[in-house]
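**Q** So here's target10.txt (compact mmCIF, N, CA and C atoms and all ligand atoms).
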# COMPACT_ATOMS: atom_id res chain seq x y z
N MET E 1 65.74 -50.95 -109.90
CA MET E 1 66.43 -50.31 -111.03
C MET E 1 66.07 -48.81 -111.07
N ASP E 2 67.07 -48.00 -111.36
CA ASP E 2 66.83 -46.56 -111.34
C ASP E 2 66.35 -46.08 -112.71
N CYS E 3 65.09 -46.41 -113.02
CA CYS E 3 64.55 -46.04 -114.33
C CYS E 3 63.31 -45.18 -114.11
N ILE E 4 63.34 -43.99 -114.68
CA ILE E 4 62.24 -43.05 -114.44
C ILE E 4 60.89 -43.58 -114.97
N PHE E 5 60.91 -44.29 -116.11
CA PHE E 5 59.64 -44.81 -116.63
C PHE E 5 59.15 -46.00 -115.81
N CYS E 6 60.06 -46.81 -115.26
CA CYS E 6 59.63 -47.87 -114.34
C CYS E 6 58.95 -47.24 -113.13
N LYS E 7 59.52 -46.13 -112.65
CA LYS E 7 58.94 -45.46 -111.48
C LYS E 7 57.57 -44.88 -111.82
N ILE E 8 57.40 -44.38 -113.03
CA ILE E 8 56.09 -43.87 -113.45
C ILE E 8 55.08 -45.03 -113.52
N VAL E 9 55.50 -46.14 -114.14
CA VAL E 9 54.62 -47.32 -114.25
C VAL E 9 54.20 -47.80 -112.86
N ASN E 10 55.15 -47.79 -111.92
CA ASN E 10 54.86 -48.28 -110.56
C ASN E 10 54.17 -47.25 -109.68
N GLY E 11 53.96 -46.05 -110.20
CA GLY E 11 53.28 -45.01 -109.42
C GLY E 11 54.18 -44.32 -108.41
N GLU E 12 55.50 -44.55 -108.50
CA GLU E 12 56.42 -43.89 -107.55
C GLU E 12 56.64 -42.44 -107.95
N ILE E 13 56.47 -42.15 -109.25
CA ILE E 13 56.58 -40.78 -109.75
C ILE E 13 55.25 -40.46 -110.43
N PRO E 14 54.69 -39.28 -110.18
CA PRO E 14 53.40 -38.97 -110.79
C PRO E 14 53.50 -38.75 -112.30
N SER E 15 52.41 -39.04 -112.98
CA SER E 15 52.37 -38.78 -114.43
C SER E 15 50.93 -38.46 -114.81
N ALA E 16 50.77 -37.85 -115.97
CA ALA E 16 49.42 -37.60 -116.52
C ALA E 16 49.03 -38.85 -117.29
N LYS E 17 48.52 -39.84 -116.56
CA LYS E 17 48.21 -41.15 -117.14
C LYS E 17 47.05 -41.08 -118.13
N LEU E 18 47.23 -41.75 -119.27
CA LEU E 18 46.19 -41.78 -120.30
C LEU E 18 45.52 -43.13 -120.42
N PHE E 19 46.31 -44.20 -120.21
CA PHE E 19 45.81 -45.55 -120.49
C PHE E 19 46.75 -46.56 -119.84
N GLU E 20 46.18 -47.70 -119.46
CA GLU E 20 46.99 -48.77 -118.89
C GLU E 20 46.33 -50.10 -119.19
N ASN E 21 47.11 -51.11 -119.54
CA ASN E 21 46.59 -52.47 -119.59
C ASN E 21 47.68 -53.42 -119.07
N ALA E 22 47.55 -54.70 -119.32
CA ALA E 22 48.50 -55.67 -118.74
C ALA E 22 49.93 -55.43 -119.23
N TYR E 23 50.07 -54.93 -120.46
CA TYR E 23 51.39 -54.80 -121.06
C TYR E 23 51.98 -53.39 -121.00
N CYS E 24 51.08 -52.40 -121.04
CA CYS E 24 51.54 -51.04 -121.34
C CYS E 24 50.99 -50.00 -120.41
N PHE E 25 51.68 -48.88 -120.43
CA PHE E 25 51.28 -47.71 -119.65
C PHE E 25 51.49 -46.51 -120.56
N SER E 26 50.55 -45.58 -120.55
CA SER E 26 50.67 -44.41 -121.42
C SER E 26 50.41 -43.15 -120.61
N PHE E 27 51.19 -42.12 -120.92
CA PHE E 27 51.07 -40.85 -120.20
C PHE E 27 51.55 -39.72 -121.11
N LEU E 28 51.22 -38.48 -120.70
CA LEU E 28 51.63 -37.32 -121.50
C LEU E 28 53.11 -37.05 -121.30
N ASP E 29 53.79 -36.73 -122.41
CA ASP E 29 55.19 -36.31 -122.33
C ASP E 29 55.24 -34.96 -121.62
N ILE E 30 56.14 -34.87 -120.65
CA ILE E 30 56.22 -33.66 -119.81
C ILE E 30 56.82 -32.48 -120.58
N ASN E 31 57.51 -32.78 -121.67
CA ASN E 31 58.17 -31.73 -122.46
C ASN E 31 57.76 -31.91 -123.92
N PRO E 32 56.50 -31.58 -124.25
CA PRO E 32 55.90 -32.03 -125.51
C PRO E 32 56.40 -31.30 -126.76
N ALA E 33 56.47 -32.04 -127.86
CA ALA E 33 56.73 -31.44 -129.18
C ALA E 33 55.47 -30.72 -129.67
N ALA E 34 54.32 -31.16 -129.19
CA ALA E 34 53.03 -30.51 -129.46
C ALA E 34 52.12 -30.87 -128.29
N LYS E 35 51.13 -30.03 -128.01
CA LYS E 35 50.25 -30.34 -126.89
C LYS E 35 49.45 -31.61 -127.19
N GLY E 36 49.48 -32.55 -126.25
CA GLY E 36 48.85 -33.84 -126.47
C GLY E 36 49.85 -34.93 -126.81
N HIS E 37 51.13 -34.56 -126.94
CA HIS E 37 52.23 -35.53 -127.19
C HIS E 37 52.20 -36.59 -126.09
N ALA E 38 51.99 -37.84 -126.50
CA ALA E 38 51.85 -38.94 -125.54
C ALA E 38 52.99 -39.94 -125.68
N LEU E 39 53.24 -40.65 -124.62
CA LEU E 39 54.23 -41.74 -124.64
C LEU E 39 53.52 -43.03 -124.28
N VAL E 40 53.94 -44.13 -124.90
CA VAL E 40 53.43 -45.46 -124.54
C VAL E 40 54.64 -46.34 -124.25
N VAL E 41 54.67 -46.94 -123.06
CA VAL E 41 55.82 -47.74 -122.65
C VAL E 41 55.37 -49.14 -122.23
N PRO E 42 56.22 -50.14 -122.44
CA PRO E 42 55.88 -51.45 -121.88
C PRO E 42 56.01 -51.39 -120.36
N LYS E 43 55.17 -52.11 -119.64
CA LYS E 43 55.26 -52.09 -118.17
C LYS E 43 56.56 -52.73 -117.71
N GLU E 44 56.95 -53.79 -118.41
CA GLU E 44 58.20 -54.47 -118.07
C GLU E 44 59.35 -53.64 -118.64
N HIS E 45 60.50 -53.67 -117.97
CA HIS E 45 61.62 -52.86 -118.45
C HIS E 45 62.35 -53.56 -119.60
N PHE E 46 62.26 -52.96 -120.78
CA PHE E 46 63.05 -53.35 -121.95
C PHE E 46 63.70 -52.06 -122.45
N GLU E 47 64.93 -52.15 -122.92
CA GLU E 47 65.60 -50.90 -123.34
C GLU E 47 65.12 -50.40 -124.69
N THR E 48 65.05 -51.31 -125.67
CA THR E 48 64.68 -50.88 -127.03
C THR E 48 63.70 -51.89 -127.63
N LEU E 49 63.20 -51.55 -128.81
CA LEU E 49 62.25 -52.43 -129.49
C LEU E 49 62.81 -53.84 -129.66
N LEU E 50 64.10 -53.93 -129.99
CA LEU E 50 64.69 -55.26 -130.26
C LEU E 50 64.79 -56.11 -129.01
N ASP E 51 64.63 -55.53 -127.85
CA ASP E 51 64.70 -56.30 -126.60
C ASP E 51 63.35 -56.85 -126.18
N LEU E 52 62.27 -56.37 -126.80
CA LEU E 52 60.94 -56.85 -126.43
C LEU E 52 60.68 -58.24 -127.00
N ASN E 53 59.98 -59.08 -126.24
CA ASN E 53 59.52 -60.33 -126.85
C ASN E 53 58.27 -60.01 -127.69
N ASP E 54 57.88 -60.96 -128.53
CA ASP E 54 56.79 -60.70 -129.48
C ASP E 54 55.48 -60.34 -128.78
N GLU E 55 55.22 -61.01 -127.66
CA GLU E 55 53.97 -60.77 -126.94
C GLU E 55 53.91 -59.31 -126.47
N ASN E 56 55.00 -58.84 -125.92
CA ASN E 56 55.04 -57.45 -125.47
C ASN E 56 55.01 -56.47 -126.63
N ALA E 57 55.67 -56.85 -127.73
CA ALA E 57 55.69 -55.96 -128.90
C ALA E 57 54.28 -55.80 -129.47
N ILE E 58 53.54 -56.90 -129.53
CA ILE E 58 52.17 -56.83 -130.04
C ILE E 58 51.30 -56.00 -129.10
N GLY E 59 51.44 -56.26 -127.80
CA GLY E 59 50.68 -55.48 -126.82
C GLY E 59 50.98 -54.01 -126.93
N LEU E 60 52.24 -53.69 -127.15
CA LEU E 60 52.66 -52.29 -127.21
C LEU E 60 52.07 -51.59 -128.45
N ILE E 61 52.16 -52.23 -129.60
CA ILE E 61 51.69 -51.57 -130.81
C ILE E 61 50.17 -51.42 -130.80
N LYS E 62 49.48 -52.39 -130.17
CA LYS E 62 48.02 -52.25 -130.03
C LYS E 62 47.69 -51.04 -129.16
N ALA E 63 48.46 -50.87 -128.09
CA ALA E 63 48.21 -49.72 -127.20
C ALA E 63 48.55 -48.42 -127.91
N VAL E 64 49.62 -48.43 -128.73
CA VAL E 64 49.99 -47.21 -129.48
C VAL E 64 48.83 -46.81 -130.38
N LYS E 65 48.23 -47.80 -131.05
CA LYS E 65 47.12 -47.51 -131.96
C LYS E 65 45.94 -46.92 -131.18
N ARG E 66 45.65 -47.51 -130.04
CA ARG E 66 44.51 -47.06 -129.24
C ARG E 66 44.73 -45.63 -128.71
N VAL E 67 45.92 -45.39 -128.18
CA VAL E 67 46.20 -44.06 -127.62
C VAL E 67 46.27 -43.02 -128.75
N ALA E 68 46.86 -43.40 -129.89
CA ALA E 68 46.95 -42.47 -131.02
C ALA E 68 45.55 -42.02 -131.45
N LYS E 69 44.62 -42.96 -131.45
CA LYS E 69 43.24 -42.61 -131.81
C LYS E 69 42.70 -41.57 -130.83
N GLY E 70 42.96 -41.80 -129.54
CA GLY E 70 42.50 -40.85 -128.51
C GLY E 70 43.14 -39.49 -128.68
N VAL E 71 44.44 -39.47 -128.96
CA VAL E 71 45.15 -38.19 -129.12
C VAL E 71 44.58 -37.43 -130.32
N VAL E 72 44.40 -38.14 -131.43
CA VAL E 72 43.93 -37.48 -132.66
C VAL E 72 42.51 -36.93 -132.47
N LEU E 73 41.64 -37.73 -131.86
CA LEU E 73 40.26 -37.28 -131.66
C LEU E 73 40.22 -36.09 -130.69
N ALA E 74 41.00 -36.19 -129.62
CA ALA E 74 40.93 -35.16 -128.58
C ALA E 74 41.53 -33.84 -129.04
N THR E 75 42.60 -33.91 -129.83
CA THR E 75 43.28 -32.67 -130.24
C THR E 75 42.78 -32.18 -131.60
N LYS E 76 41.92 -32.99 -132.24
CA LYS E 76 41.47 -32.67 -133.62
C LYS E 76 42.66 -32.48 -134.54
N ALA E 77 43.67 -33.34 -134.36
CA ALA E 77 44.89 -33.24 -135.16
C ALA E 77 44.60 -33.58 -136.62
N ASP E 78 45.37 -32.94 -137.50
CA ASP E 78 45.26 -33.23 -138.94
C ASP E 78 46.08 -34.47 -139.29
N GLY E 79 47.07 -34.77 -138.46
CA GLY E 79 47.94 -35.93 -138.69
C GLY E 79 48.64 -36.29 -137.40
N TYR E 80 49.50 -37.28 -137.46
CA TYR E 80 50.21 -37.67 -136.24
C TYR E 80 51.49 -38.39 -136.63
N ASN E 81 52.52 -38.21 -135.82
CA ASN E 81 53.77 -38.97 -135.98
C ASN E 81 53.86 -39.98 -134.86
N ILE E 82 54.28 -41.18 -135.21
CA ILE E 82 54.63 -42.21 -134.24
C ILE E 82 56.15 -42.35 -134.34
N ILE E 83 56.84 -42.08 -133.25
CA ILE E 83 58.31 -42.09 -133.28
C ILE E 83 58.84 -42.95 -132.15
N MET E 84 59.90 -43.67 -132.46
CA MET E 84 60.57 -44.42 -131.40
C MET E 84 62.06 -44.21 -131.57
N ASN E 85 62.71 -43.62 -130.58
CA ASN E 85 64.16 -43.46 -130.60
C ASN E 85 64.76 -44.68 -129.91
N ASN E 86 65.63 -45.38 -130.61
CA ASN E 86 66.24 -46.59 -130.05
C ASN E 86 67.75 -46.41 -129.95
N ARG E 87 68.24 -46.43 -128.75
CA ARG E 87 69.66 -46.26 -128.39
C ARG E 87 70.09 -44.79 -128.51
N LYS E 88 71.18 -44.50 -127.83
CA LYS E 88 71.66 -43.12 -127.68
C LYS E 88 71.90 -42.45 -129.03
N ALA E 89 72.48 -43.19 -129.98
CA ALA E 89 72.81 -42.61 -131.28
C ALA E 89 71.56 -42.12 -132.02
N ALA E 90 70.42 -42.69 -131.67
CA ALA E 90 69.16 -42.31 -132.31
C ALA E 90 68.38 -41.29 -131.48
N GLY E 91 69.00 -40.82 -130.40
CA GLY E 91 68.34 -39.79 -129.60
C GLY E 91 67.58 -40.30 -128.41
N GLN E 92 67.72 -41.59 -128.08
CA GLN E 92 67.01 -42.12 -126.91
C GLN E 92 67.66 -41.58 -125.64
N GLU E 93 66.86 -40.93 -124.83
CA GLU E 93 67.38 -40.37 -123.57
C GLU E 93 66.94 -41.19 -122.38
N VAL E 94 65.73 -41.73 -122.44
CA VAL E 94 65.25 -42.60 -121.37
C VAL E 94 65.36 -44.04 -121.86
N MET E 95 66.18 -44.82 -121.18
CA MET E 95 66.53 -46.15 -121.69
C MET E 95 65.50 -47.22 -121.29
N HIS E 96 64.25 -46.85 -121.41
CA HIS E 96 63.11 -47.77 -121.24
C HIS E 96 62.29 -47.54 -122.51
N ALA E 97 62.14 -48.61 -123.31
CA ALA E 97 61.52 -48.49 -124.63
C ALA E 97 60.22 -47.68 -124.57
N HIS E 98 60.01 -46.82 -125.55
CA HIS E 98 58.76 -46.04 -125.58
C HIS E 98 58.50 -45.52 -126.99
N PHE E 99 57.22 -45.46 -127.31
CA PHE E 99 56.77 -44.80 -128.54
C PHE E 99 56.28 -43.40 -128.20
N HIS E 100 56.62 -42.45 -129.07
CA HIS E 100 56.05 -41.10 -128.98
C HIS E 100 54.87 -41.03 -129.94
N ILE E 101 53.79 -40.43 -129.51
CA ILE E 101 52.65 -40.13 -130.39
C ILE E 101 52.51 -38.61 -130.39
N ILE E 102 52.74 -38.01 -131.55
CA ILE E 102 52.77 -36.54 -131.63
C ILE E 102 51.69 -36.06 -132.59
N PRO E 103 50.71 -35.32 -132.06
CA PRO E 103 49.67 -34.79 -132.96
C PRO E 103 50.26 -33.71 -133.85
N ARG E 104 49.83 -33.68 -135.11
CA ARG E 104 50.36 -32.72 -136.08
C ARG E 104 49.22 -31.91 -136.70
N PHE E 105 49.54 -30.70 -137.04
CA PHE E 105 48.55 -29.77 -137.59
C PHE E 105 49.09 -29.17 -138.87
N GLU E 106 48.21 -28.91 -139.83
CA GLU E 106 48.64 -28.29 -141.08
C GLU E 106 49.49 -27.07 -140.75
N ASN E 107 50.64 -26.97 -141.40
CA ASN E 107 51.52 -25.81 -141.24
C ASN E 107 52.04 -25.60 -139.82
N ASP E 108 52.18 -26.69 -139.03
CA ASP E 108 52.72 -26.50 -137.67
C ASP E 108 54.24 -26.33 -137.67
N ALA E 109 54.87 -26.54 -138.81
CA ALA E 109 56.31 -26.25 -138.99
C ALA E 109 57.23 -27.11 -138.13
N LEU E 110 56.69 -28.17 -137.54
CA LEU E 110 57.53 -29.09 -136.77
C LEU E 110 58.35 -29.92 -137.76
N ARG E 111 59.68 -29.97 -137.58
CA ARG E 111 60.52 -30.76 -138.50
C ARG E 111 60.90 -32.04 -137.79
N ILE E 112 60.38 -33.16 -138.25
CA ILE E 112 60.63 -34.42 -137.57
C ILE E 112 61.73 -35.21 -138.27
N SER E 113 61.64 -35.36 -139.59
CA SER E 113 62.61 -36.23 -140.26
C SER E 113 63.02 -35.69 -141.62
N PRO E 114 63.94 -34.74 -141.66
CA PRO E 114 64.40 -34.26 -142.96
C PRO E 114 65.17 -35.35 -143.69
N SER E 115 64.92 -35.54 -144.98
CA SER E 115 65.67 -36.53 -145.76
C SER E 115 66.88 -35.83 -146.34
N THR E 116 68.07 -36.32 -146.03
CA THR E 116 69.27 -35.62 -146.47
C THR E 116 70.22 -36.50 -147.27
N LYS E 117 69.89 -37.80 -147.36
CA LYS E 117 70.84 -38.73 -147.99
C LYS E 117 70.35 -39.17 -149.37
N LYS E 118 71.34 -39.48 -150.23
CA LYS E 118 71.02 -40.06 -151.55
C LYS E 118 71.83 -41.34 -151.70
N TYR E 119 71.24 -42.37 -152.29
CA TYR E 119 71.98 -43.60 -152.59
C TYR E 119 72.89 -43.37 -153.79
N GLY E 120 74.10 -43.95 -153.74
CA GLY E 120 74.98 -43.94 -154.90
C GLY E 120 74.62 -45.09 -155.84
N ASP E 121 75.42 -45.28 -156.89
CA ASP E 121 75.17 -46.35 -157.86
C ASP E 121 75.11 -47.70 -157.15
N ASN E 122 74.09 -48.49 -157.41
CA ASN E 122 73.93 -49.86 -156.87
C ASN E 122 73.72 -49.93 -155.35
N GLU E 123 73.82 -48.80 -154.69
CA GLU E 123 73.79 -48.83 -153.23
C GLU E 123 72.44 -49.26 -152.67
N LEU E 124 71.37 -48.80 -153.33
CA LEU E 124 70.04 -49.16 -152.86
C LEU E 124 69.87 -50.67 -152.87
N GLN E 125 70.32 -51.31 -153.97
CA GLN E 125 70.24 -52.76 -154.10
C GLN E 125 71.12 -53.45 -153.04
N GLU E 126 72.32 -52.91 -152.79
CA GLU E 126 73.22 -53.48 -151.78
C GLU E 126 72.58 -53.45 -150.40
N TYR E 127 71.97 -52.31 -150.06
CA TYR E 127 71.31 -52.20 -148.75
C TYR E 127 70.13 -53.15 -148.66
N LYS E 128 69.37 -53.21 -149.73
CA LYS E 128 68.22 -54.13 -149.77
C LYS E 128 68.68 -55.55 -149.46
N GLU E 129 69.74 -56.01 -150.14
CA GLU E 129 70.20 -57.39 -149.96
C GLU E 129 70.77 -57.62 -148.57
N LYS E 130 71.58 -56.68 -148.09
CA LYS E 130 72.19 -56.81 -146.76
C LYS E 130 71.13 -56.89 -145.67
N ILE E 131 70.13 -56.02 -145.77
CA ILE E 131 69.11 -56.00 -144.73
C ILE E 131 68.22 -57.23 -144.82
N MET E 132 67.83 -57.61 -146.04
CA MET E 132 66.96 -58.79 -146.21
C MET E 132 67.58 -60.02 -145.56
N LYS E 133 68.91 -60.17 -145.70
CA LYS E 133 69.58 -61.35 -145.13
C LYS E 133 69.51 -61.37 -143.62
N ASN E 134 69.30 -60.22 -143.03
CA ASN E 134 69.31 -60.14 -141.57
C ASN E 134 67.92 -60.03 -140.96
N VAL E 135 66.90 -60.00 -141.81
CA VAL E 135 65.53 -59.88 -141.27
C VAL E 135 65.09 -61.23 -140.71
P1 LIG E 201 63.54 -40.11 -125.82
O1 LIG E 201 64.48 -39.01 -126.24
O2 LIG E 201 62.90 -40.81 -126.98
O3 LIG E 201 64.21 -41.05 -124.85
O4 LIG E 201 62.35 -39.38 -125.09
C1 LIG E 201 62.19 -39.33 -123.72
C2 LIG E 201 60.97 -38.47 -123.47
O5 LIG E 201 60.56 -38.65 -122.13
C3 LIG E 201 61.22 -36.97 -123.66
O6 LIG E 201 60.35 -36.47 -124.68
C4 LIG E 201 60.90 -36.38 -122.29
O7 LIG E 201 60.25 -35.13 -122.38
C5 LIG E 201 60.02 -37.44 -121.66
N1 LIG E 201 60.04 -37.49 -120.21
C6 LIG E 201 61.13 -37.57 -119.41
N2 LIG E 201 60.76 -37.60 -118.12
C7 LIG E 201 59.41 -37.57 -118.10
C8 LIG E 201 58.43 -37.58 -117.08
N3 LIG E 201 58.76 -37.63 -115.78
N4 LIG E 201 57.13 -37.52 -117.43
C9 LIG E 201 56.78 -37.46 -118.73
N5 LIG E 201 57.65 -37.45 -119.74
C10 LIG E 201 58.95 -37.50 -119.45
Show this structure as structure tokens.
**A**
Amino acid sequence: MDCIFCKIVNGEIPSAKLFENAYCFSFLDINPAAKGHALVVPKEHFETLLDLNDENAIGLIKAVKRVAKGVVLATKADGYNIIMNNRKAAGQEVMHAHFHIIPRFENDALRISPSTKKYGDNELQEYKEKIMKNV
């Protein structure tokens, strides 16, 4: 399969590797939002979070926590964002599931998620019910 993250996991393409276990592989993002921006990917090819089985999802989130701790300690970050873009409409460019770990600093002026929407009358309750039925 022609997937750049599969090639990184398999060692066919070099990466700045941070961590690896049975489920996951982590490396520095080559085009970082902040220095120390890390990615954590499942070793097996899944496109998005919803495609992962539970075992892989648990392995992945454990690795995200572990790498995030390393990023925060190493960069002395004041905070951190964990981001996952799922599907093209959400900004996913590499179609192999991955979490971004981005170290944040007071007043770094990085804009990650501006809130621009307001619920209309009853809409919050409608969304709550619609989503609950599908969870
Ligand atoms: P996304 O938009 O969530 O799919 O993010 C993909 C991320 O992968 C981007 O932040 C890229 O900078 C990063 N990326 C793409 N190719 C490489 C690579 N060869 N090594 C490290 N990071 C990469």
**Q** Could you state the separation of atom O5 of ligand LIG 201 (chain E) and CA of Ile102 (chain E) in Å, given to one decimal place?
**A**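 About the pair atom O5 of ligand LIG 201 (chain E) and CA of Ile102 (chain E): they are 12.5 Å apart.
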**Q** Give the residue list for ligand LIG 201 (chain E) at 8 Å, counting all atoms listed in the file, as a PyMOL selection string, sorted by chain and then by residue number.
**A** chain E and resi 4-5+8+13-16+27-33+38-39+83-87+90-100
**Q** Enter the distance from CA of Pro103 (chain E) to CA of Thr75 (chain E), in Å, rounded to one decimal.
**A**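 Spanning CA of Pro103 (chain E) to CA of Thr75 (chain E) is a straight-line distance of 7.3 Å.
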**Q** Which protein, DNA or RNA residues have an atom at most 7 Å from (48.5, -51.0, -126.1), counting all atoms listed in the file? List them as a PyMOL selection string.
**A** chain E and resi 21+23-25+58-67
**Q** Please return as a ChimeraX atom specification: the residues of chain E that backbone DSSP assigns to strand (DSSP E).
**A** /E:17-20,24-28,38-42,79-83,99-104
**Q** So which one's closest to Lys35 (chain E), E:Leu124, E:Val71, E:Ile131, E:Leu18? Using only C-alpha atoms, please.
**A** E:Val71
**Q** Which residues are near Asp78 (chain E)? Cut-off 6.5 Å, all atoms listed in the file, ignore same chain within fewer than 4 positions. Put them as a PyMOL selection string.
**A** chain E and resi 103-106
**Q** With DSSP run on the backbone, what are the alpha helix (DSSP H) residues within region 17-115 of chain E? I'd like them as a PyMOL selection string.
**A** chain E and resi 54-75
**Q** Would you put the residues from that selection into a file with N, CA and C atoms, as an mmCIF file, in the coordinates of the input?
**A**
data_model
loop_
_atom_site.group_PDB
_atom_site.id
_atom_site.type_symbol
_atom_site.label_atom_id
_atom_site.label_comp_id
_atom_site.auth_asym_id
_atom_site.auth_seq_id
_atom_site.Cartn_x
_atom_site.Cartn_y
_atom_site.Cartn_z
ATOM 1 N N ASP E 54 57.880 -60.960 -128.530
ATOM 2 C CA ASP E 54 56.790 -60.700 -129.480
ATOM 3 C C ASP E 54 55.480 -60.340 -128.780
ATOM 4 N N GLU E 55 55.220 -61.010 -127.660
ATOM 5 C CA GLU E 55 53.970 -60.770 -126.940
ATOM 6 C C GLU E 55 53.910 -59.310 -126.470
ATOM 7 N N ASN E 56 55.000 -58.840 -125.920
ATOM 8 C CA ASN E 56 55.040 -57.450 -125.470
ATOM 9 C C ASN E 56 55.010 -56.470 -126.630
ATOM 10 N N ALA E 57 55.670 -56.850 -127.730
ATOM 11 C CA ALA E 57 55.690 -55.960 -128.900
ATOM 12 C C ALA E 57 54.280 -55.800 -129.470
ATOM 13 N N ILE E 58 53.540 -56.900 -129.530
ATOM 14 C CA ILE E 58 52.170 -56.830 -130.040
ATOM 15 C C ILE E 58 51.300 -56.000 -129.100
ATOM 16 N N GLY E 59 51.440 -56.260 -127.800
ATOM 17 C CA GLY E 59 50.680 -55.480 -126.820
ATOM 18 C C GLY E 59 50.980 -54.010 -126.930
ATOM 19 N N LEU E 60 52.240 -53.690 -127.150
ATOM 20 C CA LEU E 60 52.660 -52.290 -127.210
ATOM 21 C C LEU E 60 52.070 -51.590 -128.450
ATOM 22 N N ILE E 61 52.160 -52.230 -129.600
ATOM 23 C CA ILE E 61 51.690 -51.570 -130.810
ATOM 24 C C ILE E 61 50.170 -51.420 -130.800
ATOM 25 N N LYS E 62 49.480 -52.390 -130.170
ATOM 26 C CA LYS E 62 48.020 -52.250 -130.030
ATOM 27 C C LYS E 62 47.690 -51.040 -129.160
ATOM 28 N N ALA E 63 48.460 -50.870 -128.090
ATOM 29 C CA ALA E 63 48.210 -49.720 -127.200
ATOM 30 C C ALA E 63 48.550 -48.420 -127.910
ATOM 31 N N VAL E 64 49.620 -48.430 -128.730
ATOM 32 C CA VAL E 64 49.990 -47.210 -129.480
ATOM 33 C C VAL E 64 48.830 -46.810 -130.380
ATOM 34 N N LYS E 65 48.230 -47.800 -131.050
ATOM 35 C CA LYS E 65 47.120 -47.510 -131.960
ATOM 36 C C LYS E 65 45.940 -46.920 -131.180
ATOM 37 N N ARG E 66 45.650 -47.510 -130.040
ATOM 38 C CA ARG E 66 44.510 -47.060 -129.240
ATOM 39 C C ARG E 66 44.730 -45.630 -128.710
ATOM 40 N N VAL E 67 45.920 -45.390 -128.180
ATOM 41 C CA VAL E 67 46.200 -44.060 -127.620
ATOM 42 C C VAL E 67 46.270 -43.020 -128.750
ATOM 43 N N ALA E 68 46.860 -43.400 -129.890
ATOM 44 C CA ALA E 68 46.950 -42.470 -131.020
ATOM 45 C C ALA E 68 45.550 -42.020 -131.450
ATOM 46 N N LYS E 69 44.620 -42.960 -131.450
ATOM 47 C CA LYS E 69 43.240 -42.610 -131.810
ATOM 48 C C LYS E 69 42.700 -41.570 -130.830
ATOM 49 N N GLY E 70 42.960 -41.800 -129.540
ATOM 50 C CA GLY E 70 42.500 -40.850 -128.510
ATOM 51 C C GLY E 70 43.140 -39.490 -128.680
ATOM 52 N N VAL E 71 44.440 -39.470 -128.960
ATOM 53 C CA VAL E 71 45.150 -38.190 -129.120
ATOM 54 C C VAL E 71 44.580 -37.430 -130.320
ATOM 55 N N VAL E 72 44.400 -38.140 -131.430
ATOM 56 C CA VAL E 72 43.930 -37.480 -132.660
ATOM 57 C C VAL E 72 42.510 -36.930 -132.470
ATOM 58 N N LEU E 73 41.640 -37.730 -131.860
ATOM 59 C CA LEU E 73 40.260 -37.280 -131.660
ATOM 60 C C LEU E 73 40.220 -36.090 -130.690
ATOM 61 N N ALA E 74 41.000 -36.190 -129.620
ATOM 62 C CA ALA E 74 40.930 -35.160 -128.580
ATOM 63 C C ALA E 74 41.530 -33.840 -129.040
ATOM 64 N N THR E 75 42.600 -33.910 -129.830
ATOM 65 C CA THR E 75 43.280 -32.670 -130.240
ATOM 66 C C THR E 75 42.780 -32.180 -131.600
#
**Q** Between atom N of Lys7 (chain E) and CA of Val40 (chain E), what is the distance, to one decimal in Å?
**A**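 These atoms are spaced 13.4 Å apart.
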**Q** Please determine, counting only N, CA and C atoms, which residue among E:Lys17, E:Glu55, E:Val9, E:Ala68 has the shortest atom-to-atom distance to Lys43 (chain E).
**A** E:Val9
**Q** Hey, could you patch up region 26-33 of chain E with N, CA, C and O atoms and hand it over as an mmCIF file, keeping the file's coordinate frame?
**A**
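Saved as out24.cif:
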data_model
loop_
_atom_site.group_PDB
_atom_site.id
_atom_site.type_symbol
_atom_site.label_atom_id
_atom_site.label_comp_id
_atom_site.auth_asym_id
_atom_site.auth_seq_id
_atom_site.Cartn_x
_atom_site.Cartn_y
_atom_site.Cartn_z
ATOM 1 N N SER E 26 50.550 -45.580 -120.550
ATOM 2 C CA SER E 26 50.670 -44.410 -121.420
ATOM 3 C C SER E 26 50.410 -43.150 -120.610
ATOM 4 O O SER E 26 49.534 -43.102 -119.748
ATOM 5 N N PHE E 27 51.190 -42.120 -120.920
ATOM 6 C CA PHE E 27 51.070 -40.850 -120.200
ATOM 7 C C PHE E 27 51.550 -39.720 -121.110
ATOM 8 O O PHE E 27 52.200 -39.950 -122.134
ATOM 9 N N LEU E 28 51.220 -38.480 -120.700
ATOM 10 C CA LEU E 28 51.630 -37.320 -121.500
ATOM 11 C C LEU E 28 53.110 -37.050 -121.300
ATOM 12 O O LEU E 28 53.627 -37.128 -120.178
ATOM 13 N N ASP E 29 53.790 -36.730 -122.410
ATOM 14 C CA ASP E 29 55.190 -36.310 -122.330
ATOM 15 C C ASP E 29 55.240 -34.960 -121.620
ATOM 16 O O ASP E 29 54.501 -34.038 -121.964
ATOM 17 N N ILE E 30 56.140 -34.870 -120.650
ATOM 18 C CA ILE E 30 56.220 -33.660 -119.810
ATOM 19 C C ILE E 30 56.820 -32.480 -120.580
ATOM 20 O O ILE E 30 56.655 -31.318 -120.189
ATOM 21 N N ASN E 31 57.510 -32.780 -121.670
ATOM 22 C CA ASN E 31 58.170 -31.730 -122.460
ATOM 23 C C ASN E 31 57.760 -31.910 -123.920
ATOM 24 O O ASN E 31 58.538 -32.369 -124.758
ATOM 25 N N PRO E 32 56.500 -31.580 -124.250
ATOM 26 C CA PRO E 32 55.900 -32.030 -125.510
ATOM 27 C C PRO E 32 56.400 -31.300 -126.760
ATOM 28 O O PRO E 32 56.670 -30.105 -126.720
ATOM 29 N N ALA E 33 56.470 -32.040 -127.860
ATOM 30 C CA ALA E 33 56.730 -31.440 -129.180
ATOM 31 C C ALA E 33 55.470 -30.720 -129.670
ATOM 32 O O ALA E 33 55.555 -29.819 -130.495
#
